[in-house]
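What's in structure29.txt: compact mmCIF, C-alpha atoms
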```txt
# COMPACT_ATOMS: atom_id res chain seq x y z
CA MET A 1 2.45 -55.95 -7.69
CA LEU A 2 2.35 -52.26 -8.57
CA THR A 3 -0.15 -50.96 -11.14
CA THR A 4 0.84 -48.58 -13.96
CA ILE A 5 -0.64 -45.54 -12.20
CA GLN A 6 1.26 -46.42 -9.02
CA ILE A 7 4.53 -46.63 -10.99
CA VAL A 8 3.88 -43.28 -12.70
CA LEU A 9 2.97 -41.59 -9.39
CA LEU A 10 5.98 -43.09 -7.60
CA ALA A 11 8.30 -41.92 -10.38
CA PHE A 12 6.90 -38.39 -10.06
CA ILE A 13 7.21 -38.47 -6.23
CA LEU A 14 10.83 -39.63 -6.50
CA PHE A 15 11.53 -36.78 -8.90
CA ALA A 16 9.88 -34.32 -6.47
CA ILE A 17 11.88 -35.71 -3.53
CA SER A 18 15.10 -35.33 -5.52
CA ARG A 19 14.24 -31.65 -6.23
CA VAL A 20 13.51 -31.03 -2.54
CA TYR A 21 16.80 -32.67 -1.54
CA LEU A 22 18.83 -30.71 -4.13
CA ARG A 23 17.26 -27.31 -3.20
CA ALA A 24 17.91 -28.03 0.48
CA LYS A 25 21.53 -28.97 -0.33
CA GLU A 26 21.88 -25.61 -2.15
CA LYS A 27 20.44 -23.99 1.03
CA ILE A 28 17.58 -22.49 -0.98
CA LEU A 29 15.13 -24.29 1.33
CA SER A 30 15.28 -23.79 5.09
CA PRO A 31 15.54 -26.98 7.28
CA GLN A 32 11.88 -26.53 8.32
CA THR A 33 10.70 -26.23 4.70
CA TYR A 34 12.86 -29.24 3.75
CA ILE A 35 11.27 -31.37 6.48
CA PHE A 36 7.76 -30.14 5.55
CA TRP A 37 8.11 -31.09 1.88
CA MET A 38 9.87 -34.37 2.63
CA LEU A 39 7.00 -35.39 4.93
CA ILE A 40 4.44 -34.43 2.29
CA TRP A 41 6.09 -36.44 -0.48
CA LEU A 42 6.91 -39.43 1.74
CA ALA A 43 3.30 -39.53 2.93
CA ALA A 44 2.20 -39.38 -0.71
CA ALA A 45 4.58 -42.26 -1.57
CA PHE A 46 3.23 -44.28 1.32
CA GLY A 47 -0.34 -43.63 0.19
CA VAL A 48 0.51 -44.77 -3.35
CA ILE A 49 2.25 -47.98 -2.20
CA GLN A 50 -0.38 -48.76 0.47
CA PRO A 51 -3.68 -47.42 -0.96
CA LYS A 52 -5.67 -49.17 1.79
CA THR A 53 -4.24 -46.78 4.38
CA THR A 54 -6.00 -43.89 2.61
CA THR A 55 -9.27 -45.83 2.76
CA LYS A 56 -8.82 -46.27 6.54
CA LEU A 57 -8.03 -42.56 6.84
CA ALA A 58 -11.21 -41.77 4.84
CA GLU A 59 -13.26 -43.95 7.19
CA ILE A 60 -11.88 -42.07 10.22
CA PHE A 61 -12.97 -38.76 8.69
CA GLY A 62 -16.29 -40.16 7.48
CA VAL A 63 -15.43 -39.71 3.79
CA GLY A 64 -16.48 -42.37 1.29
CA ARG A 65 -13.31 -43.26 -0.59
CA GLY A 66 -9.61 -43.05 0.14
CA VAL A 67 -8.98 -41.01 -2.98
CA ASP A 68 -11.58 -38.43 -1.87
CA ILE A 69 -9.80 -37.67 1.40
CA ILE A 70 -6.53 -37.24 -0.52
CA VAL A 71 -8.21 -34.77 -2.91
CA TYR A 72 -9.73 -32.78 0.00
CA ILE A 73 -6.46 -32.62 1.93
CA SER A 74 -4.53 -31.70 -1.22
CA LEU A 75 -6.97 -28.89 -2.08
CA ALA A 76 -6.75 -27.43 1.43
CA LEU A 77 -2.97 -27.64 1.27
CA VAL A 78 -2.85 -25.99 -2.16
CA PHE A 79 -5.08 -23.12 -0.98
CA TYR A 80 -2.92 -22.60 2.07
CA LEU A 81 0.28 -22.64 0.00
CA VAL A 82 -1.16 -20.14 -2.49
CA PHE A 83 -1.96 -17.88 0.46
CA ARG A 84 1.59 -18.23 1.82
CA ILE A 85 3.03 -17.43 -1.61
CA TYR A 86 0.78 -14.35 -1.84
CA VAL A 87 2.05 -13.18 1.55
CA MET A 88 5.62 -13.85 0.46
CA VAL A 89 5.16 -11.86 -2.76
CA GLU A 90 3.72 -8.96 -0.74
CA ASP A 91 6.73 -9.10 1.62
CA LEU A 92 9.06 -9.02 -1.38
CA ARG A 93 7.20 -6.00 -2.78
CA HIS A 94 7.67 -4.17 0.53
CA GLU A 95 11.37 -5.02 0.61
CA ILE A 96 11.82 -3.70 -2.95
CA THR A 97 9.93 -0.52 -2.00
CA PHE A 98 12.10 -0.09 1.08
CA ILE A 99 15.27 -0.24 -1.03
CA ILE A 100 13.83 2.14 -3.63
CA ARG A 101 12.83 4.59 -0.87
CA GLN A 102 16.30 4.51 0.66
CA VAL A 103 17.86 5.15 -2.75
CA ALA A 104 15.44 8.05 -3.36
CA LEU A 105 16.24 9.63 0.01
CA GLN A 106 19.99 9.12 -0.34
CA LYS A 107 20.07 10.61 -3.85
CA PHE A 108 17.89 13.52 -2.79
CA SER A 109 19.53 16.90 -3.21
CA PRO A 110 17.64 19.97 -1.98
CA LYS A 111 16.99 22.81 -4.40
CA LYS A 112 17.75 26.41 -3.62
CA ARG A 113 14.61 28.31 -2.83
CA ARG A 114 13.77 30.78 -5.56
CA ARG A 115 10.04 30.42 -6.00
CA ASN A 116 8.34 33.66 -6.91
CA LYS A 117 6.19 35.12 -4.23
CA LYS A 118 2.47 35.06 -5.00
CA MET O 1 -2.86 29.59 16.71
CA SER O 2 0.81 28.61 16.79
CA ILE O 3 3.33 29.18 14.03
CA LEU O 4 5.10 26.10 12.73
CA ASN O 5 8.48 26.82 11.26
CA ARG O 6 8.91 23.98 8.86
CA ALA O 7 6.19 22.54 6.66
CA VAL O 8 6.25 20.34 3.59
CA ILE O 9 3.65 19.80 0.92
CA ILE O 10 4.18 16.29 -0.42
CA VAL O 11 3.04 15.86 -4.02
CA PRO O 12 3.11 12.24 -5.21
CA ALA O 13 3.33 12.08 -8.99
CA PHE O 14 3.29 9.26 -11.50
CA ASN O 15 3.22 10.22 -15.19
CA GLU O 16 1.69 13.63 -14.52
CA GLU O 17 3.54 15.65 -17.20
CA ALA O 18 0.24 17.13 -18.40
CA VAL O 19 -0.58 18.85 -15.12
CA ILE O 20 2.34 18.70 -12.70
CA LEU O 21 3.67 22.23 -13.37
CA LYS O 22 0.20 23.70 -13.00
CA VAL O 23 -0.27 21.81 -9.72
CA ILE O 24 3.08 23.00 -8.35
CA GLN O 25 2.40 26.59 -9.35
CA SER O 26 -1.03 26.47 -7.73
CA ILE O 27 0.36 25.62 -4.30
CA PRO O 28 0.41 28.75 -2.12
CA LYS O 29 3.87 30.08 -1.31
CA ARG O 30 2.74 31.50 1.99
CA ILE O 31 0.14 30.13 4.35
CA LYS O 32 -0.95 31.79 7.56
CA GLY O 33 0.56 30.01 10.54
CA LEU O 34 3.39 28.41 8.61
CA GLY O 35 6.96 29.61 8.32
CA LYS O 36 9.02 27.96 5.64
CA ILE O 37 6.97 25.90 3.18
CA GLN O 38 8.76 23.36 1.07
CA VAL O 39 7.17 21.49 -1.80
CA LEU O 40 8.45 17.96 -2.28
CA VAL O 41 7.42 16.10 -5.40
CA VAL O 42 7.82 12.35 -5.01
CA ASP O 43 8.22 11.07 -8.53
CA ASP O 44 7.02 7.49 -8.39
CA GLY O 45 9.06 6.12 -11.29
CA SER O 46 7.36 8.16 -14.01
CA THR O 47 8.11 7.06 -17.55
CA ASP O 48 7.09 10.39 -19.06
CA ASN O 49 8.68 13.84 -18.55
CA THR O 50 7.28 14.48 -15.07
CA LYS O 51 10.68 14.35 -13.35
CA ILE O 52 12.40 16.43 -16.04
CA LEU O 53 9.70 19.11 -15.83
CA VAL O 54 9.83 19.30 -12.02
CA ASN O 55 13.63 19.38 -12.06
CA LYS O 56 13.46 22.56 -14.16
CA THR O 57 11.60 24.27 -11.33
CA ASN O 58 13.05 25.01 -7.91
CA VAL O 59 10.86 22.41 -6.26
CA SER O 60 12.66 19.45 -4.68
CA VAL O 61 12.17 15.98 -6.09
CA ALA O 62 12.64 12.59 -4.48
CA SER O 63 12.63 9.94 -7.19
CA HIS O 64 11.68 6.32 -7.05
CA ILE O 65 13.70 4.48 -9.67
CA MET O 66 10.63 2.37 -10.42
CA ASN O 67 6.91 2.69 -9.84
CA ARG O 68 5.89 1.47 -6.39
CA GLY O 69 2.42 2.92 -5.93
CA LEU O 70 0.76 5.90 -4.28
CA GLY O 71 1.20 4.58 -0.74
CA ALA O 72 4.92 4.05 -1.28
CA ALA O 73 5.29 7.61 -2.65
CA ILE O 74 3.44 9.12 0.31
CA LYS O 75 5.54 7.10 2.74
CA THR O 76 8.72 8.32 1.05
CA GLY O 77 7.45 11.89 1.52
CA LEU O 78 6.64 11.29 5.20
CA GLU O 79 10.00 9.58 5.73
CA TRP O 80 11.69 12.62 4.18
CA ALA O 81 9.69 14.85 6.56
CA ARG O 82 10.79 12.72 9.51
CA VAL O 83 14.45 12.85 8.50
CA HIS O 84 14.29 16.63 7.99
CA ASN O 85 12.52 17.26 11.28
CA ILE O 86 9.47 18.81 9.63
CA ASP O 87 6.72 20.21 11.86
CA LEU O 88 3.78 19.70 9.53
CA ALA O 89 3.23 17.70 6.35
CA VAL O 90 0.42 17.94 3.83
CA THR O 91 -0.19 15.35 1.11
CA PHE O 92 -1.56 16.87 -2.08
CA ASP O 93 -2.23 14.70 -5.14
CA GLY O 94 -0.27 15.53 -8.27
CA ASP O 95 -3.19 15.09 -10.68
CA GLY O 96 -4.87 18.39 -9.90
CA GLN O 97 -7.91 16.98 -8.10
CA HIS O 98 -7.45 19.21 -5.04
CA ASP O 99 -8.20 22.86 -4.53
CA PRO O 100 -5.01 24.56 -3.22
CA ALA O 101 -7.23 26.86 -1.12
CA ASP O 102 -8.14 23.80 0.98
CA ILE O 103 -4.56 23.42 2.24
CA SER O 104 -4.98 26.24 4.76
CA ARG O 105 -8.24 24.63 5.94
CA VAL O 106 -6.76 21.18 6.57
CA ILE O 107 -3.73 22.52 8.44
CA LYS O 108 -5.77 24.75 10.76
CA PRO O 109 -6.69 22.02 13.33
CA ILE O 110 -3.01 21.07 13.53
CA LEU O 111 -1.95 24.68 14.06
CA ASP O 112 -4.64 24.92 16.74
CA LYS O 113 -3.29 21.70 18.26
CA SER O 114 -6.78 20.20 18.11
CA ALA O 115 -5.76 17.30 15.84
CA ASP O 116 -2.76 15.21 14.79
CA ILE O 117 -4.18 14.08 11.47
CA VAL O 118 -6.66 15.96 9.32
CA ILE O 119 -8.42 14.23 6.44
CA GLY O 120 -9.78 16.48 3.72
CA SER O 121 -13.15 14.88 3.05
CA ARG O 122 -14.85 15.27 -0.33
CA PHE O 123 -18.04 13.76 1.00
CA LYS O 124 -18.60 15.69 4.20
CA LYS O 125 -20.51 18.42 2.45
CA LYS O 126 -22.97 18.15 -0.42
CA GLN O 127 -21.34 18.64 -3.80
CA ARG O 128 -21.39 17.12 -7.26
CA VAL O 129 -19.57 13.79 -7.22
CA PRO O 130 -19.78 11.15 -9.99
CA LEU O 131 -22.01 8.27 -8.87
CA ASP O 132 -19.36 5.57 -9.43
CA ARG O 133 -16.91 7.51 -7.22
CA LEU O 134 -19.56 7.85 -4.55
CA ILE O 135 -20.29 4.11 -4.56
CA LEU O 136 -16.60 3.20 -4.67
CA ASN O 137 -15.84 5.54 -1.79
CA TRP O 138 -18.61 4.12 0.38
CA PHE O 139 -17.42 0.61 -0.40
CA ALA O 140 -13.91 1.67 0.74
CA ASN O 141 -15.32 3.36 3.85
CA LEU O 142 -17.32 0.26 4.80
CA ALA O 143 -14.30 -1.99 4.15
CA THR O 144 -12.18 0.27 6.39
CA LEU O 145 -14.84 0.10 9.09
CA PHE O 146 -15.29 -3.68 8.74
CA LEU O 147 -11.58 -4.54 8.64
CA PHE O 148 -10.05 -1.89 10.92
CA GLY O 149 -12.94 -0.65 13.02
CA VAL O 150 -12.36 2.96 11.92
CA PHE O 151 -14.97 5.05 10.16
CA SER O 152 -14.22 7.89 7.77
CA THR O 153 -16.45 9.69 5.29
CA ASP O 154 -13.52 9.76 2.86
CA SER O 155 -11.03 7.03 3.70
CA GLN O 156 -9.37 7.42 0.26
CA SER O 157 -8.80 11.17 0.32
CA GLY O 158 -5.48 12.41 -1.04
CA LEU O 159 -5.50 15.69 0.86
CA ARG O 160 -4.35 15.17 4.43
CA ALA O 161 -2.32 17.02 7.01
CA PHE O 162 -0.04 15.45 9.61
CA SER O 163 1.37 16.93 12.79
CA LYS O 164 4.99 16.33 13.78
CA LYS O 165 3.82 13.63 16.21
CA ALA O 166 1.84 11.91 13.43
CA ILE O 167 4.79 12.13 11.01
CA LYS O 168 6.92 10.41 13.62
CA LEU O 169 4.45 7.66 14.53
CA ILE O 170 2.59 6.77 11.33
CA ASP O 171 4.18 3.70 9.78
CA PHE O 172 1.90 2.07 7.22
CA LYS O 173 3.00 -0.92 5.17
CA ALA O 174 0.81 -0.76 2.06
CA ASP O 175 2.45 0.44 -1.15
CA ARG O 176 -0.68 0.99 -3.16
CA MET O 177 -4.14 2.49 -2.71
CA GLU O 178 -4.90 0.54 0.45
CA PHE O 179 -2.47 2.72 2.42
CA SER O 180 -5.27 5.31 2.87
CA SER O 181 -7.23 3.01 5.16
CA GLU O 182 -4.06 1.89 6.91
CA ILE O 183 -3.28 5.49 7.88
CA LEU O 184 -6.56 5.53 9.81
CA LEU O 185 -5.64 2.26 11.50
CA GLU O 186 -2.22 3.66 12.45
CA ALA O 187 -3.89 6.77 13.86
CA LYS O 188 -6.14 4.55 15.99
CA LYS O 189 -3.19 2.41 17.09
CA HIS O 190 -1.17 5.43 18.26
CA SER O 191 -4.21 7.30 19.66
CA LEU O 192 -3.65 10.19 17.25
CA LYS O 193 -6.56 12.56 17.13
CA THR O 194 -8.01 12.46 13.62
CA ILE O 195 -10.61 14.83 12.28
CA GLU O 196 -12.21 15.47 8.91
CA ILE O 197 -12.59 18.81 7.20
CA PRO O 198 -14.83 19.23 4.14
CA ILE O 199 -12.90 20.02 0.97
CA ARG O 200 -13.83 20.73 -2.61
CA ALA O 201 -13.69 17.80 -5.01
CA ILE O 202 -12.41 18.58 -8.49
CA TYR O 203 -13.33 15.90 -10.97
CA THR O 204 -11.92 16.45 -14.43
CA ALA O 205 -11.66 13.83 -17.15
CA TYR O 206 -7.90 13.84 -16.46
CA SER O 207 -8.12 13.40 -12.67
CA ARG O 208 -10.72 10.67 -13.08
CA SER O 209 -8.51 8.78 -15.51
CA LYS O 210 -5.58 9.08 -13.08
CA GLY O 211 -7.47 8.33 -9.88
CA GLN O 212 -8.40 5.04 -8.35
CA LYS O 213 -10.00 2.69 -10.84
CA ASN O 214 -13.40 1.25 -9.96
CA THR O 215 -12.08 -2.24 -10.73
CA ASN O 216 -9.31 -1.78 -8.13
CA ALA O 217 -11.76 -2.12 -5.26
CA ILE O 218 -11.68 -5.90 -5.06
CA PRO O 219 -7.86 -6.34 -5.20
CA VAL O 220 -7.48 -3.56 -2.61
CA PHE O 221 -9.99 -5.35 -0.34
CA ALA O 222 -8.18 -8.67 -0.91
CA ARG O 223 -4.82 -7.14 0.05
CA HIS O 224 -6.35 -5.77 3.25
CA LEU O 225 -7.68 -9.24 4.07
CA VAL O 226 -4.34 -10.90 3.40
CA ARG O 227 -2.62 -8.38 5.66
CA LEU O 228 -5.04 -9.17 8.47
CA LEU O 229 -4.87 -12.96 8.03
CA ARG O 230 -1.13 -13.32 7.49
```
Now, as a test, write the supplied structure out as structure tokens.
Amino acid sequence: MLTTIQIVLLAFILFAISRVYLRAKEKILSPQTYIFWMLIWLAAAFGVIQPKTTTKLAEIFGVGRGVDIIVYISLALVFYLVFRIYVMVEDLRHEITFIIRQVALQKFSPKKRRRNKK
Amino acid sequence: MSILNRAVIIVPAFNEEAVILKVIQSIPKRIKGLGKIQVLVVDDGSTDNTKILVNKTNVSVASHIMNRGLGAAIKTGLEWARVHNIDLAVTFDGDGQHDPADISRVIKPILDKSADIVIGSRFKKKQRVPLDRLILNWFANLATLFLFGVFSTDSQSGLRAFSKKAIKLIDFKADRMEFSSEILLEAKKHSLKTIEIPIRAIYTAYSRSKGQKNTNAIPVFARHLVRLLR
């Protein structure tokens, strides 16, 4: 029998899986990213349905409770994803700058030289 | 000393309407060892009258349609120099913090073929420098040494000279202030001979308000780290 928190978490995971599926269908997500997020959410669903598996996982890593190992893994994952997003934003900045530079150079028109001699 | 036929003075400018004409007029029209000198103002998406004012002069302007940062403006200038087959390029900040008389000093090692890149260093000789600038600069120098293994007494200097070889090879990625350190890394990567020449530092209330902010140090350091760890 599922508890209330399990039902709430499963509902959220299903919603997240649906978003991943829809974005992949729209080809916004690459196949690799689609697989990555599907694995994450399916693993989360499995952990919610079978909470004892997280306890076993915690024992393997020498962490007290199942929920603790989930929190640690999630935090590491969030930090890594923030880093990836930061890199992606930087890449986007460079691409914008590249376009702006090309426009500046293409629109450049030299002036006739008539500076007064010093 | 050789004579280089085509030289460009690249002046990056962002909202410099108060001083830009004075800066342009201060640039020497003739410099010993150089043939034709062109001044190229790279307007980095100014929202004031900088571009309008420069357009009224006979100095060429390359305009960014939006602000991209000092590094992006310098790279546009160097790209322009590459496309136009320029022999020597000098970067000269548009906020009036450089002494135009120093231009001939920074280009000399390139004319003598004893260097590919010359950094005009404000800290190589003793002179009055605000304490916060001194601390900030040493922080930047140490960060450049720690992250890139290159030491400079003024890694953030805006007055630099580049040989034709350096113009062709230097390809930094940073759009903002961190490009200064990246230039040194590029020089190391391409085995370009880099030297430093002492220059005069002009600190006015205006140039200090326009220059690198003390609080920028940490984000600049963070962007360097991200670039290395990516």
Subject >> Between CA of Glu79 in chain O and CA of Phe172 in chain O - distance in Å to one decimal >> reply: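 One can read the CA of Phe172 in chain O to CA of Glu79 in chain O distance as 11.1 Å.
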Taking only C-alpha atoms into account, produce a table as a tab-separated table in which each residue of chain O with an atom at most 8 Å from an atom of chain A appears once, together with its shortest atom pair and the distance in Å to one decimal, ordered by chain and rising number.
```
residue	atom	partner	partner_atom	distance
O:Pro28	CA	A:Lys118	CA	7.2
O:Lys29	CA	A:Lys117	CA	6.3
O:Arg30	CA	A:Lys118	CA	7.8
O:Asn58	CA	A:Lys111	CA	5.7
O:Val59	CA	A:Lys111	CA	6.4
O:Ser60	CA	A:Lys111	CA	5.5
O:Val61	CA	A:Phe108	CA	7.0
O:Ala62	CA	A:Ala104	CA	5.5
O:Ser63	CA	A:Ala104	CA	5.1
O:His64	CA	A:Ala104	CA	5.5
O:Ile65	CA	A:Ile100	CA	6.5
O:Met66	CA	A:Ile100	CA	7.5
O:Arg68	CA	A:Thr97	CA	6.3
O:Ala72	CA	A:Thr97	CA	6.8
O:Thr76	CA	A:Arg101	CA	5.9
O:Trp80	CA	A:Leu105	CA	6.9
O:Lys173	CA	A:His94	CA	7.3
O:Ala174	CA	A:His94	CA	7.8
O:Asp175	CA	A:His94	CA	7.2
O:Val226	CA	A:Val87	CA	7.0
O:Arg227	CA	A:Val87	CA	7.9
O:Arg230	CA	A:Val87	CA	6.7
```
I'd like the neighbourhood of Leu57 in chain A as an mmCIF file with C-alpha atoms, in the coordinates of the input, where a residue qualifies if any of its atoms comes within 9 Å (using all atoms listed in the file), though same-chain residues fewer than 6 positions away should be ignored.
```
data_model
loop_
_atom_site.group_PDB
_atom_site.id
_atom_site.type_symbol
_atom_site.label_atom_id
_atom_site.label_comp_id
_atom_site.auth_asym_id
_atom_site.auth_seq_id
_atom_site.Cartn_x
_atom_site.Cartn_y
_atom_site.Cartn_z
ATOM 1 C CA VAL A 63 -15.430 -39.710 3.790
ATOM 2 C CA GLY A 66 -9.610 -43.050 0.140
ATOM 3 C CA ILE A 69 -9.800 -37.670 1.400
#
```
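Computed from the coordinates, the CA of Ala18 in chain O to CA of Asp48 in chain O distance equals 9.6 Å.
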**OP:** May I have the residues within 6 Å of range 156-171 of chain O as a list in words, using only C-alpha atoms and disregarding those fewer than 5 positions away in the same chain?
**Re:**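 Using only C-alpha atoms, the neighbours found are Asp87, Leu88, Ala89, Val90, Thr91, Phe92, Asp93, Ile107, Asp116, Ile117, Val118, Ile119, Gly120, Ser180 and Glu186 of chain O.
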Original post:
With only C-alpha atoms as the basis for distance, which of O:Ile10, O:Ala222, O:Ala115, O:Leu34 is at the shortest distance from Ser191 in chain O?
Top reply: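 Among the listed residues, the smallest separation from Ser191 in chain O belongs to O:Ala115.
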Original post:
What does the distance from CA of Pro100 in chain O to CA of Phe14 in chain O come to in Å, to one decimal?
Top reply: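 Computing the Euclidean distance for CA of Pro100 in chain O and CA of Phe14 in chain O yields 19.3 Å.
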Original post:
Within 12 Å of Ile52 in chain O, counting all atoms listed in the file, which residues qualify if same-chain residues fewer than 3 places away don't, as a PyMOL selection string?
Top reply: chain O and resi 15-17+20-21+41+43+45-49+55-61+63
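Only residues having an atom at most 9 Å from (-18.3, 5.8, 2.6) are included; using all atoms listed in the file, these are Phe123, Leu134, Ile135, Leu136, Asn137, Trp138, Phe139, Ala140, Asn141, Leu142, Ala143, Phe151, Ser152, Thr153, Asp154 and Ser155 of chain O.
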Subject >> Residue among A:Ile70, A:Thr4, A:Glu95, A:Glu26 lying closest to Gly47 in chain A, counting all atoms listed in the file >> reply: A:Ile70
**OP:** Give me the residues within 9 Å of Met38 in chain A as a list of chain:residue names, counting only C-alpha atoms and dropping any in the same chain fewer than 5 places off.
**Re:**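 Returned residues: A:Ile17, A:Val20, A:Tyr21, A:Thr33, A:Ala43.
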Could you save the residues just selected, with C-alpha atoms, as a compact mmCIF listing (two decimals), in the coordinates of the input?
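What landed in selection.txt:
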```txt
# COMPACT_ATOMS: atom_id res chain seq x y z
CA ILE A 17 11.88 -35.71 -3.53
CA VAL A 20 13.51 -31.03 -2.54
CA TYR A 21 16.80 -32.67 -1.54
CA THR A 33 10.70 -26.23 4.70
CA ALA A 43 3.30 -39.53 2.93
```
**OP:** List the neighbours of Lys32 in chain O out to 12 Å using all atoms listed in the file; skip same-chain residues closer than 2 positions along the sequence, and give me the result as a list in words.
**Re:**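 Returned residues: Met1, Ser2, Ile3, Leu4, Asn5, Ala7, Pro28, Lys29, Arg30, Leu34, Gly35, Lys36, Ile37, Ala101, Ile103, Ser104, Arg105, Ile107, Lys108 and Leu111 of chain O.
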Subject >> Neighbours of point (12.1, -35.2, -3.4) within 12 Å, using all atoms listed in the file, written as a ChimeraX atom specification >> reply: /A:10-25,34-45
Mind dumping the selected residues with C-alpha atoms as a PDB file, keeping the file's coordinate frame?
```pdb
ATOM      1  CA  LEU A  10       5.980 -43.090  -7.600  1.00  0.00           C
ATOM      2  CA  ALA A  11       8.300 -41.920 -10.380  1.00  0.00           C
ATOM      3  CA  PHE A  12       6.900 -38.390 -10.060  1.00  0.00           C
ATOM      4  CA  ILE A  13       7.210 -38.470  -6.230  1.00  0.00           C
ATOM      5  CA  LEU A  14      10.830 -39.630  -6.500  1.00  0.00           C
ATOM      6  CA  PHE A  15      11.530 -36.780  -8.900  1.00  0.00           C
ATOM      7  CA  ALA A  16       9.880 -34.320  -6.470  1.00  0.00           C
ATOM      8  CA  ILE A  17      11.880 -35.710  -3.530  1.00  0.00           C
ATOM      9  CA  SER A  18      15.100 -35.330  -5.520  1.00  0.00           C
ATOM     10  CA  ARG A  19      14.240 -31.650  -6.230  1.00  0.00           C
ATOM     11  CA  VAL A  20      13.510 -31.030  -2.540  1.00  0.00           C
ATOM     12  CA  TYR A  21      16.800 -32.670  -1.540  1.00  0.00           C
ATOM     13  CA  LEU A  22      18.830 -30.710  -4.130  1.00  0.00           C
ATOM     14  CA  ARG A  23      17.260 -27.310  -3.200  1.00  0.00           C
ATOM     15  CA  ALA A  24      17.910 -28.030   0.480  1.00  0.00           C
ATOM     16  CA  LYS A  25      21.530 -28.970  -0.330  1.00  0.00           C
ATOM     17  CA  TYR A  34      12.860 -29.240   3.750  1.00  0.00           C
ATOM     18  CA  ILE A  35      11.270 -31.370   6.480  1.00  0.00           C
ATOM     19  CA  PHE A  36       7.760 -30.140   5.550  1.00  0.00           C
ATOM     20  CA  TRP A  37       8.110 -31.090   1.880  1.00  0.00           C
ATOM     21  CA  MET A  38       9.870 -34.370   2.630  1.00  0.00           C
ATOM     22  CA  LEU A  39       7.000 -35.390   4.930  1.00  0.00           C
ATOM     23  CA  ILE A  40       4.440 -34.430   2.290  1.00  0.00           C
ATOM     24  CA  TRP A  41       6.090 -36.440  -0.480  1.00  0.00           C
ATOM     25  CA  LEU A  42       6.910 -39.430   1.740  1.00  0.00           C
ATOM     26  CA  ALA A  43       3.300 -39.530   2.930  1.00  0.00           C
ATOM     27  CA  ALA A  44       2.200 -39.380  -0.710  1.00  0.00           C
ATOM     28  CA  ALA A  45       4.580 -42.260  -1.570  1.00  0.00           C
TER      29      ALA A  45
END
```
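Here the question is which of O:Ser114, O:Ser26, O:Thr144, O:Thr50 gets nearest to Leu225 in chain O using all atoms listed in the file, and that residue is O:Thr144.
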Could you rebuild range 22-34 of chain O with N, CA and C atoms and give it back as a PDB file, keeping the file's coordinate frame?
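Wrote it out as out39.pdb, contents follow:
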```
ATOM      1  N   LYS O  22       1.368  22.923 -13.421  1.00  0.00           N
ATOM      2  CA  LYS O  22       0.200  23.700 -13.000  1.00  0.00           C
ATOM      3  C   LYS O  22      -0.103  23.445 -11.525  1.00  0.00           C
ATOM      4  N   VAL O  23       0.005  22.176 -11.126  1.00  0.00           N
ATOM      5  CA  VAL O  23      -0.270  21.810  -9.720  1.00  0.00           C
ATOM      6  C   VAL O  23       0.760  22.477  -8.806  1.00  0.00           C
ATOM      7  N   ILE O  24       2.025  22.401  -9.184  1.00  0.00           N
ATOM      8  CA  ILE O  24       3.080  23.000  -8.350  1.00  0.00           C
ATOM      9  C   ILE O  24       2.863  24.509  -8.218  1.00  0.00           C
ATOM     10  N   GLN O  25       2.579  25.135  -9.366  1.00  0.00           N
ATOM     11  CA  GLN O  25       2.400  26.590  -9.350  1.00  0.00           C
ATOM     12  C   GLN O  25       1.167  27.014  -8.543  1.00  0.00           C
ATOM     13  N   SER O  26       0.209  26.111  -8.450  1.00  0.00           N
ATOM     14  CA  SER O  26      -1.030  26.470  -7.730  1.00  0.00           C
ATOM     15  C   SER O  26      -0.867  26.424  -6.211  1.00  0.00           C
ATOM     16  N   ILE O  27       0.176  25.761  -5.754  1.00  0.00           N
ATOM     17  CA  ILE O  27       0.360  25.620  -4.300  1.00  0.00           C
ATOM     18  C   ILE O  27       0.773  26.970  -3.711  1.00  0.00           C
ATOM     19  N   PRO O  28       0.073  27.434  -2.684  1.00  0.00           N
ATOM     20  CA  PRO O  28       0.410  28.750  -2.120  1.00  0.00           C
ATOM     21  C   PRO O  28       1.839  28.784  -1.571  1.00  0.00           C
ATOM     22  N   LYS O  29       2.484  29.934  -1.781  1.00  0.00           N
ATOM     23  CA  LYS O  29       3.870  30.080  -1.310  1.00  0.00           C
ATOM     24  C   LYS O  29       3.906  30.464   0.161  1.00  0.00           C
ATOM     25  N   ARG O  30       2.844  31.108   0.567  1.00  0.00           N
ATOM     26  CA  ARG O  30       2.740  31.500   1.990  1.00  0.00           C
ATOM     27  C   ARG O  30       1.381  31.083   2.514  1.00  0.00           C
ATOM     28  N   ILE O  31       1.407  30.521   3.710  1.00  0.00           N
ATOM     29  CA  ILE O  31       0.140  30.130   4.350  1.00  0.00           C
ATOM     30  C   ILE O  31       0.199  30.628   5.795  1.00  0.00           C
ATOM     31  N   LYS O  32      -0.890  31.238   6.199  1.00  0.00           N
ATOM     32  CA  LYS O  32      -0.950  31.790   7.560  1.00  0.00           C
ATOM     33  C   LYS O  32      -0.681  30.686   8.593  1.00  0.00           C
ATOM     34  N   GLY O  33       0.249  30.962   9.479  1.00  0.00           N
ATOM     35  CA  GLY O  33       0.560  30.010  10.540  1.00  0.00           C
ATOM     36  C   GLY O  33       1.771  29.140  10.235  1.00  0.00           C
ATOM     37  N   LEU O  34       2.225  29.215   8.978  1.00  0.00           N
ATOM     38  CA  LEU O  34       3.390  28.410   8.610  1.00  0.00           C
ATOM     39  C   LEU O  34       4.571  29.313   8.278  1.00  0.00           C
TER      40      LEU O  34
END
```
